[in-house]
Amino acid sequence: MTIIAQGLSAKRSGRTILHPTTVDIKPGERVGLVGASGSGKSTLGHALIDALRAGGTRVAHVPQSPDEALDPLRSMAFHWREAEQALGLAGDDARRLQLFDALQIAGGDLGKRPWGWSRGMQQRFVIAMALIGTPDLLVMDEPTSALDPVVAAGTMDLLDLYLTDRETALLLITHDLGLAAKRVSRLMVMDTGRIVEDAPTARFLSAPQTQAAQALCAHRNWLELPC
Amino acid sequence: MIRIAADLILRAFVVLTGVALATFALLWHAPGDPALSIAEARYGTVVSKEVLDFIRAEAGFDTGFWTAFWAWLSPLLAGDFGQSSVTGRAVWPDLMTAMSYTLPLALVSLAIGLAISVPLALIATRRPGSWMDRGAVALASVGVAIPAFWLGLLLILLFAVQLGWLPAMGADTRAHAVLPALTLALGVAASLTRIIRSGILEARTQVFLPAFRRRGIPPRNIARDHVAPHAAIPVITVLGLELAFLLEGLVVVEVIFARPGLGSFLVNAIYARDFPKVQAVVLLAAVIFVIVNLAIDLIYRSLDPRMDGRNA
């Protein structure tokens, strides 16, 4: 069933930072949400998560940096157990190992606190944690900007592989068109709190319609990046 | 672990040596003739020069600072606190008697202080900036600003003189401990409320908290498992300093309420220039301070293992 959220909007200090917006995503679809910094991407992402969760859709969120997802005073095991409990799941070691294998973090020591793991492993742990309950939608907000390009590419490859043939849809929020172009089949462009363009990735890259999209496409050196 | 323990013990040794030397030097160089003070305390009357000379020789005042310091320190290293210059009685048993009055008072005050400050801080931080919050902050500021000697007198005036509910002087019954404990506790509560409140508000700004809410973790659990531990770190740190204020307050409060205890013991000893007694109290206070701070250091490290890079 297609995920639809209508009338998403947001204000901050009396100023509209997100105009009423509707987002629809098909099961298993990979969608990119791109735009310049401050265009309202993350705001839309947060509004979408809150609205979908209120409507009963299973939606998981991966923030920009593991620092924004993990408590430095708590062990990785604690985070995992807590995430399972939040979903009302009993501890399932088989499921955990499946996800850990998929994201190649099975060697990590769960008794350690986040800073005992490398940042790349922390971020993959956060992604694994987001996938525990097999969500309908995974929202990733600049998921690789805190990682070096090689680790970032590796992480996205593992996630790509895991999501193949699964129902979980992906919304990738990024200012990095290179990352989005390689990973998603459909791109939405945001500019000053509105989605101004929504097109399949190939068409978007070959013929951007709006000024904001053209500006993003103008800097073509992003295609050289590994991720 | 051994390295940390050795480091802590070394620090404790340096602090205690410094405290012993500083106290001795202060008493030694205080204006007036110490022998005269001791004679007055001992005999309560004017005495002849021969008696003063005798006291000087007995207390080692005629030998020079370092000799006298060493004469006091060397038995102490063997655990002997010496005898009072005034009464000739051993210092240690009297010191323990004084402690038996002071320690319960200090602990009860700290407990009451915590019992007031924790709920007050929780109420205040429920809605930061609300009138409840402002009220709690104002109350705490006033509480910090009021000195113990004044608050103690106010409480005596109200509860002992006007209302006649509680006794003001002495330490005969438990009721005698109520006003002194309140005097100390209100000061402790005031400063702890401010610290706990700001600790909670600071902990709530941790960058990872929004992600925890989006993960569907109940707000109660977030508060208990993630906000509280982060809020506890500054509170634990300050508890050690709080103890110093408490010790200081105890001296004043015991004198005001005419309670026997470490404070009265110390003040009387200072008046009489009773070196061994003063030194004993100051050293004991320093030892307590060092031990408490050591404990706090260990709690702090277990709470936040980032301190010494230990993980897991």
# chains A, B, ... in the order shown; residues from 1 in each chain; ligands from 1
>>> residues_around(residues="segment 269-286 of chain B", least_positions_apart="6", cutoff="9 Å", atoms="only C-alpha atoms", output="PyMOL selection string")
chain B and resi 15-16+19-20+23-24+27-28+34-42+59+72+81-86+91-92+95+244+247+262-263
>>> interface_residues(of="chain A", to="chain B", cutoff="8 Å", atoms="only C-alpha atoms", output="tab-separated table (two decimals) with C-alpha atoms, in the first residue's frame")
chain	number	residue	atom	x	y	z
A	49	ILE	CA	7.81	10.82	10.40
A	50	ASP	CA	5.52	12.37	13.01
A	60	ALA	CA	12.15	4.50	11.22
A	61	HIS	CA	14.61	7.35	11.26
A	62	VAL	CA	18.37	7.52	10.87
A	63	PRO	CA	19.79	10.94	11.77
A	67	ASP	CA	26.06	11.37	17.86
A	68	GLU	CA	22.46	12.34	17.21
A	69	ALA	CA	21.23	8.78	17.58
A	70	LEU	CA	23.15	7.26	20.48
A	71	ASP	CA	23.56	8.14	24.16
A	73	LEU	CA	26.57	6.92	28.54
A	75	SER	CA	25.95	0.60	25.98
A	82	GLU	CA	15.44	-0.21	24.23
A	83	ALA	CA	14.65	-0.01	20.51
A	86	ALA	CA	9.82	0.59	21.96
A	87	LEU	CA	8.48	-1.55	19.12
A	111	GLY	CA	28.83	-4.22	25.96
A	112	LYS	CA	30.71	-1.12	24.87
A	113	ARG	CA	29.37	2.38	24.70
A	116	GLY	CA	34.06	2.31	21.69
A	130	ALA	CA	16.13	1.37	12.49
>>> atom_distance(atom1="atom CA of Ile200 of chain B", atom2="atom CA of Leu44 of chain A")
29.4 Å
>>> residues_around(residues="Phe159 of chain B", least_positions_apart="6", cutoff="9 Å", atoms="only C-alpha atoms", output="PDB file with C-alpha atoms, in the first residue's frame")
ATOM      1  CA  TRP B 165       7.201  24.646  69.386  1.00  0.00           C
ATOM      2  CA  LEU B 166      10.828  23.610  69.492  1.00  0.00           C
ATOM      3  CA  PRO B 167      13.762  24.002  71.866  1.00  0.00           C
ATOM      4  CA  ALA B 168      16.502  26.374  70.729  1.00  0.00           C
ATOM      5  CA  LEU B 179      16.102  23.675  64.070  1.00  0.00           C
TER       6      LEU B 179
END
>>> select_by_dssp(residues="segment 81-181 of chain A", states="strand (DSSP E or B)", output="PyMOL selection string")
chain A and resi 137-141+169-174
>>> closest_residue(among="B:Gly79, B:Gly249, B:Gly135, B:Gly170", to="Pro147 of chain B", atoms="only C-alpha atoms")
B:Gly249
